[in-house]
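Peer 1: Before anything else, here's the structure in question.
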Amino acid sequence: MSQDRHLILDNCIKCNICVANCPVVKVTDQYAGPKQNGPDLERFRLDEPAAVHPSISYCSNCKTCDFVCPSGVNVATMNCKAKGEYVALNGAPLRDQVLGRVEWICKAAQIAPSIVNWAAGVGPFRAMGEAFFGVAADMPFPRFASKTFLQQFQPKKIANPKGKVLYYPGCYVNYYTPEVGLALAKVLAHNGIEMVVDDFNCCGLPTVSNGLMDAAKAYGVSNLEKLNRYIQDGYAVVTTCPSCNLMLRQEYHELFDMDTTLVTENTYDAFEYLVLLHEKGQLDTQLKALPRRYGYHQPCHLRAVGYGVPSQEILQLIPDLQVLPLDAGCCGLSGSYGFKKEKYPISREIGQNIVRAVEDTGVKQAVTECGMCQLQVNHVTGLPVVHPIELLAEAYGL
Amino acid sequence: MNKKTDVLIIGAGLSGLMAAAKAAESGKKVTVAAKGMGSLSLSSGCIDLWGYDIDDPQQVCPNPLAQIARLGEVNREHPYTKVADVLEESLRCFQGITARYGCDYRDNGGANWLLPTAVGTFRPSFLAPPSMAVKDLDKAKRIVIAGYEELKDFYPEVMAANLARNGNLPESVNIAVVKLRCAWKKLYATTLAHRLEQAEGIKEAVDQIKPHVVSGTVVLFPPVLGERLDIDVAARLSAALGAPVYEVANIPPALPGQRLQQLLLKHLRNMGVDVIIGCTFTGAKTEGNRCLQVTAEGAGKTFTFAAQTYVLATGAFVGGGLDSRIGAVREMIFDLPVCTLEKWASGEFLSMNGHGFNRFGIAVNDRLQPLDEAGQVCLENVRITGANLAGANGPIEKCGNGVALASGYKAGKLAGEVPS
């Protein structure tokens, strides 16, 4: 056992703040909670890796426990590893193996996206999916784009660029919402930043959430190797998906002890990058007015990186645009979590906070960075949801 | 990344949130940034000012404000002496905010409340939320203590036995225990609170308690009566049972502290305050006796905050504001001098004299600016609040939230007066 694991464990003073803030514990009696599954059982796991409570599969990996902890205990990381240990010992159902491998699903669907979209919306198919595979029939699947982002992106040559960016679109943007990546490309080009893309693996977060640690690690090794090369060539890595961002800059290191020094230091959320540009006085602030009101939902994985909401700082520059924080906590979907039959009711119940926040603020549309959060906010409230970069591109008139 | 703000409050406990609320009134741009969620959510939810008599520590203090006014003579170093000028004003401000969000914190006409706890003792407290402000328990004809079979950490029989012993209740009072059953397999306080926000949860409880209610009954619950501010679970239960229902103080995760935290965060959001949780502060850059910026870390990356005024509200040892090694105590961000005592701890765990380390903290002047050993201001644009202040012995004096509230309020007020 490593000394590190001991030290971080001993920081837990059992204050219960993680339990008090856990969105899952609140709405179900199926989950033994972050403290019990995390630091409490970790003590036993140091000697006996099999000491995992089966309720670990109810952790949604929202990371709330990590960032509310005042003692620096990485409860969620312990939970993730424990889930991995549980799956390694007991195996994962076929459903979880498929849901976790988002990259496979997306690649397979590319053969005929429109047919997949059609089939995903057919009630009887969904009922069968729920009965035989445990995939919740009521949770709508995101719709595949007819062409991926990588197929659509045209690199633009910029003379004397102010910066060089490698964009890591992640599976969601590449296969479902290429318009987000295209909006980023326009915004960066407009501000004199060169943007390139490459073919990467899935960041691996969905595999981690399903306890498929070996698969996640393999993704990590392949991605890091490629990312490091770009960084050494002077590129900054930019993401628009908070989960990919968290995975690249923190989780490979925390979960697999990989050396991510370069990637951690050089990976930015798109708006974090734009804030830096703005600080240097290099961001074009000629923005046209967007006289609208949006409710802003902060994705858990953006909150987990602990630097606030950089998109708010930039969106504030857009005249007449009102962005009201919904501040409703986790949306409840947590990637593949809410697609699981037994977890769908939990996911939906957690999402009621969003419903109430929308009623309180009276907003008619919402904005959030995370693709899966977009899906859930739309599912529980019915509101149209966009990525903040789309608003910025629009305000530039691009 | 360099974040700029007028007032940066480091720490999201009661003093930090109060400082933010007051500073935001002045129209300044206020940011609250903290490593974790702040221990307010783990607190009783009551505001204790001063628990026991200065001259006779066995007696509950009859008039906390009058006692605190005497501290200037008997203990000049107590943080209350630095905030005496705003103490009452800060309480009124706090009551005003809580009333605005439908949870009006109540005083007991200047005297301490004596509120029952989960182990059947009575705690003196100055302000209590409506769901906890039990009035005239000794006039009740029957006290029903409701606990859940599935809930850990609340044992109604223990409470009943101790209440009978400690409560100074007339012999005619009948104390009954009702062990409720819930349709859920196991319960945390938060799980139960959620269930009690639903109609079936209320019905489940009412069906089981109702047969035990006679005229003159008071029902006491563990502190689980809902999480949300927009649902008054105590009032719903009370209406359905036809008897007043109160929740008693218990160990975390109890809900009254969480509701207070949620209420203050909601207020800050409405005031346009930026709240960032999950960033760890690692140091400060100073020039002369001014702080220029502080550094913070999130997801392995460093960024800075620059502000006119910095409020240090990081707490003491539990909150992580102070760190101790053998023979040394450090303040973690500005490296301010920490006042310690020769004797750190009493040999007796539950000593009524308290432990020395609880009094450790930063010495300040009347403007809450940190002082060095010679009594000179170290950093003039930094204000110190709450458990970071030296000289209070919270566990013994029962003054933690009172000091936090008043010092946070004062720091916020002073920050608001700084010319832009």
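Ligands are numbered from 1 in the order shown, chains are lettered A, B, ... in the order of the structure tokens, and residues start at 1 in each chain.
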For chain B, report every residue with an atom at most 6 Å from chain A (counting only C-alpha atoms), formatted as an MDAnalysis selection string.
Peer 2: chainID B and resid 1 35:37 186 190:191 253 276 278:279 298:299
Peer 1: Produce a file of the selected residues containing N, CA and C atoms, as a PDB file, in the first residue's frame.
Peer 2:
```pdb
ATOM      1  N   MET B   1      -4.432  32.529 -15.037  1.00  0.00           N
ATOM      2  CA  MET B   1      -5.599  33.397 -15.089  1.00  0.00           C
ATOM      3  C   MET B   1      -5.583  34.308 -13.863  1.00  0.00           C
ATOM      4  N   LYS B  35     -12.034  26.504  -0.388  1.00  0.00           N
ATOM      5  CA  LYS B  35     -11.531  25.164  -0.690  1.00  0.00           C
ATOM      6  C   LYS B  35     -12.671  24.148  -0.637  1.00  0.00           C
ATOM      7  N   GLY B  36     -13.488  24.235   0.397  1.00  0.00           N
ATOM      8  CA  GLY B  36     -14.608  23.316   0.548  1.00  0.00           C
ATOM      9  C   GLY B  36     -15.886  24.090   0.806  1.00  0.00           C
ATOM     10  N   MET B  37     -16.902  23.367   1.209  1.00  0.00           N
ATOM     11  CA  MET B  37     -18.220  23.972   1.305  1.00  0.00           C
ATOM     12  C   MET B  37     -18.409  24.807   2.571  1.00  0.00           C
ATOM     13  N   LYS B 186     -32.803   2.337   4.429  1.00  0.00           N
ATOM     14  CA  LYS B 186     -31.957   2.997   5.420  1.00  0.00           C
ATOM     15  C   LYS B 186     -31.981   4.495   5.161  1.00  0.00           C
ATOM     16  N   THR B 190     -30.173  13.454   5.362  1.00  0.00           N
ATOM     17  CA  THR B 190     -30.523  14.116   4.097  1.00  0.00           C
ATOM     18  C   THR B 190     -31.572  13.315   3.310  1.00  0.00           C
ATOM     19  N   THR B 191     -31.457  11.974   3.354  1.00  0.00           N
ATOM     20  CA  THR B 191     -32.422  11.131   2.645  1.00  0.00           C
ATOM     21  C   THR B 191     -33.812  11.309   3.248  1.00  0.00           C
ATOM     22  N   PRO B 253     -24.740  14.819   9.491  1.00  0.00           N
ATOM     23  CA  PRO B 253     -25.283  15.928   8.701  1.00  0.00           C
ATOM     24  C   PRO B 253     -26.704  16.263   9.140  1.00  0.00           C
ATOM     25  N   ILE B 276     -17.083  30.701  -5.665  1.00  0.00           N
ATOM     26  CA  ILE B 276     -16.280  29.629  -6.276  1.00  0.00           C
ATOM     27  C   ILE B 276     -15.856  28.651  -5.188  1.00  0.00           C
ATOM     28  N   GLY B 278     -14.009  24.922  -4.238  1.00  0.00           N
ATOM     29  CA  GLY B 278     -13.108  23.914  -4.790  1.00  0.00           C
ATOM     30  C   GLY B 278     -11.756  24.464  -5.206  1.00  0.00           C
ATOM     31  N   CYS B 279     -11.454  25.720  -4.853  1.00  0.00           N
ATOM     32  CA  CYS B 279     -10.096  26.184  -5.164  1.00  0.00           C
ATOM     33  C   CYS B 279      -9.313  26.371  -3.868  1.00  0.00           C
ATOM     34  N   GLY B 298      -6.640  25.170  -8.781  1.00  0.00           N
ATOM     35  CA  GLY B 298      -7.778  24.314  -9.091  1.00  0.00           C
ATOM     36  C   GLY B 298      -7.317  23.343 -10.151  1.00  0.00           C
ATOM     37  N   ALA B 299      -7.648  22.083 -10.016  1.00  0.00           N
ATOM     38  CA  ALA B 299      -7.251  21.044 -10.970  1.00  0.00           C
ATOM     39  C   ALA B 299      -5.782  21.163 -11.376  1.00  0.00           C
TER      40      ALA B 299
END
```
Peer 1: So that I can check the surroundings of Ser336 of chain A, please list as a list in words every protein, DNA and RNA residue that reaches within 10 Å of it, counting only C-alpha atoms and ignoring chain neighbours fewer than 5 positions away.
Peer 2: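 Surrounding residues, per the criterion: Ser60, Asp96, Val98, Leu99, Gly100, Arg101, Val102, Val135, Pro206, Thr207, Ser209, Asn210, Lys343, Tyr344 and Met372 of chain A.
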Peer 1: I need the residues in segment 81-226 of chain B that are helix (DSSP H, G or I) according to DSSP; give them as a ChimeraX atom specification.
Peer 2: /B:81-100,137-139,156-166,189-197,199-212
Peer 1: Kindly indicate which residue among B:Val329, B:Ala160, B:Leu265, B:Val7 lies nearest to Phe317 of chain B, using only C-alpha atoms for the distances.
Peer 2: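 Checking each of B:Val329, B:Ala160, B:Leu265, B:Val7 against Phe317 of chain B, counting only C-alpha atoms, the winner is B:Val329.
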Peer 1: Which residues are close to segment 198-205 of chain A, i.e. within 9 Å by only C-alpha atoms, leaving aside same-chain residues fewer than 6 positions away? Reply as a PyMOL selection string.
Peer 2: chain A and resi 100-103+150+166-171+213+215-220+222-223+226-227+243-248+251+335
Peer 1: Determine which residues of segment 251-320 of chain B receive a DSSP assignment of strand (DSSP E or B), computed from the backbone, and state them as a PyMOL selection string.
Peer 2: chain B and resi 274-277+280-287+290-298+301-306+309-312
Peer 1: So that I can see what lies close to Leu40 of chain B, please list as a list in words the residues with an atom at most 7 Å from it, counting only C-alpha atoms and leaving out residues fewer than 6 positions away in the same chain.
Peer 2: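 Non-adjacent residues within range: Gly13, Leu14, Gly257 and Gln261 of chain B.
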Peer 1: Need the shell around segment 171-175 of chain B: protein/DNA/RNA residues with any atom at most 9 Å away, counting only C-alpha atoms. Skip same-chain ones fewer than 6 positions apart. Format as a PyMOL selection string?
Peer 2: chain B and resi 138-145+160-161+163-164
Peer 1: Quote the spacing between atom CA of Thr31 of chain B and atom CA of Leu8 of chain B in Å to one decimal place.
Peer 2: 5.0 Å
Peer 1: Determine, counting only C-alpha atoms, which protein, DNA and RNA residues have an atom within 8 Å of an atom of Leu255 of chain A; residues of the same chain fewer than 2 positions away are not included. Present the result as a PyMOL selection string.
Peer 2: chain A and resi 77+80-81+251-253+257
Peer 1: Output all heavy atoms for every residue in the selection just made, as an mmCIF file, in the first residue's frame.
Peer 2:
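Result file follows (selection28.cif):
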```cif
data_model
loop_
_atom_site.group_PDB
_atom_site.id
_atom_site.type_symbol
_atom_site.label_atom_id
_atom_site.label_comp_id
_atom_site.auth_asym_id
_atom_site.auth_seq_id
_atom_site.Cartn_x
_atom_site.Cartn_y
_atom_site.Cartn_z
ATOM 1 N N THR A 77 -12.358 10.058 -6.169
ATOM 2 C CA THR A 77 -11.317 9.221 -6.761
ATOM 3 C C THR A 77 -11.292 7.856 -6.085
ATOM 4 O O THR A 77 -11.183 6.821 -6.749
ATOM 5 C CB THR A 77 -9.947 9.921 -6.632
ATOM 6 O OG1 THR A 77 -10.085 11.230 -7.147
ATOM 7 C CG2 THR A 77 -8.873 9.186 -7.380
ATOM 8 N N CYS A 80 -14.171 5.978 -7.451
ATOM 9 C CA CYS A 80 -13.927 5.505 -8.831
ATOM 10 C C CYS A 80 -13.054 4.266 -8.826
ATOM 11 O O CYS A 80 -13.332 3.294 -9.526
ATOM 12 C CB CYS A 80 -13.195 6.575 -9.633
ATOM 13 S SG CYS A 80 -14.298 7.745 -10.359
ATOM 14 N N LYS A 81 -11.993 4.332 -8.035
ATOM 15 C CA LYS A 81 -11.084 3.180 -7.981
ATOM 16 C C LYS A 81 -11.813 1.974 -7.411
ATOM 17 O O LYS A 81 -11.628 0.847 -7.871
ATOM 18 C CB LYS A 81 -9.864 3.519 -7.119
ATOM 19 C CG LYS A 81 -8.907 4.477 -7.811
ATOM 20 C CD LYS A 81 -7.685 4.695 -6.940
ATOM 21 C CE LYS A 81 -6.659 5.553 -7.652
ATOM 22 N NZ LYS A 81 -5.559 5.930 -6.776
ATOM 23 N N GLU A 251 -7.672 13.616 -14.065
ATOM 24 C CA GLU A 251 -8.007 12.242 -13.715
ATOM 25 C C GLU A 251 -6.969 11.203 -14.154
ATOM 26 O O GLU A 251 -6.774 10.213 -13.462
ATOM 27 C CB GLU A 251 -9.382 11.874 -14.290
ATOM 28 C CG GLU A 251 -10.495 12.763 -13.781
ATOM 29 C CD GLU A 251 -10.769 12.590 -12.295
ATOM 30 O OE1 GLU A 251 -10.061 13.241 -11.509
ATOM 31 O OE2 GLU A 251 -11.647 11.813 -11.939
ATOM 32 N N TYR A 252 -6.335 11.429 -15.306
ATOM 33 C CA TYR A 252 -5.306 10.444 -15.702
ATOM 34 C C TYR A 252 -4.261 10.338 -14.606
ATOM 35 O O TYR A 252 -3.773 9.267 -14.279
ATOM 36 C CB TYR A 252 -4.608 10.845 -17.011
ATOM 37 C CG TYR A 252 -5.462 10.770 -18.251
ATOM 38 C CD1 TYR A 252 -5.172 11.553 -19.368
ATOM 39 C CD2 TYR A 252 -6.550 9.903 -18.326
ATOM 40 C CE1 TYR A 252 -5.936 11.494 -20.517
ATOM 41 C CE2 TYR A 252 -7.320 9.843 -19.469
ATOM 42 C CZ TYR A 252 -7.017 10.644 -20.562
ATOM 43 O OH TYR A 252 -7.776 10.582 -21.690
ATOM 44 N N HIS A 253 -3.947 11.480 -14.038
ATOM 45 C CA HIS A 253 -2.938 11.493 -12.990
ATOM 46 C C HIS A 253 -3.493 10.876 -11.705
ATOM 47 O O HIS A 253 -2.881 9.989 -11.111
ATOM 48 C CB HIS A 253 -2.460 12.916 -12.743
ATOM 49 C CG HIS A 253 -1.538 13.020 -11.576
ATOM 50 N ND1 HIS A 253 -0.275 12.476 -11.587
ATOM 51 C CD2 HIS A 253 -1.700 13.554 -10.347
ATOM 52 C CE1 HIS A 253 0.304 12.679 -10.424
ATOM 53 N NE2 HIS A 253 -0.540 13.330 -9.646
ATOM 54 N N ASP A 257 -2.069 7.485 -12.011
ATOM 55 C CA ASP A 257 -0.729 7.910 -11.655
ATOM 56 C C ASP A 257 0.144 8.197 -12.882
ATOM 57 O O ASP A 257 1.345 7.967 -12.882
ATOM 58 C CB ASP A 257 -0.073 6.825 -10.777
ATOM 59 C CG ASP A 257 0.921 7.442 -9.815
ATOM 60 O OD1 ASP A 257 0.836 8.667 -9.616
ATOM 61 O OD2 ASP A 257 1.786 6.712 -9.301
#
```
Peer 1: Which residue gives the smallest distance to Lys135 of chain B among B:Pro244, B:Ser41, B:Arg92, B:Ala234, with only C-alpha atoms counted?
Peer 2: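 The shortest atom-to-atom distance to Lys135 of chain B comes from B:Pro244.
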Peer 1: Measuring between only C-alpha atoms, which one of B:Glu197, B:Asp6, B:Asp366, B:Asp274 shows the shortest distance to Ala34 of chain B?
Peer 2: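 Closest candidate: B:Asp274.
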Peer 1: Work out how far apart atom CA of Lys29 of chain B and atom CA of Ile47 of chain B are and give it in Å to one decimal.
Peer 2: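 Computed distance, atom CA of Lys29 of chain B to atom CA of Ile47 of chain B, equals 27.5 Å.
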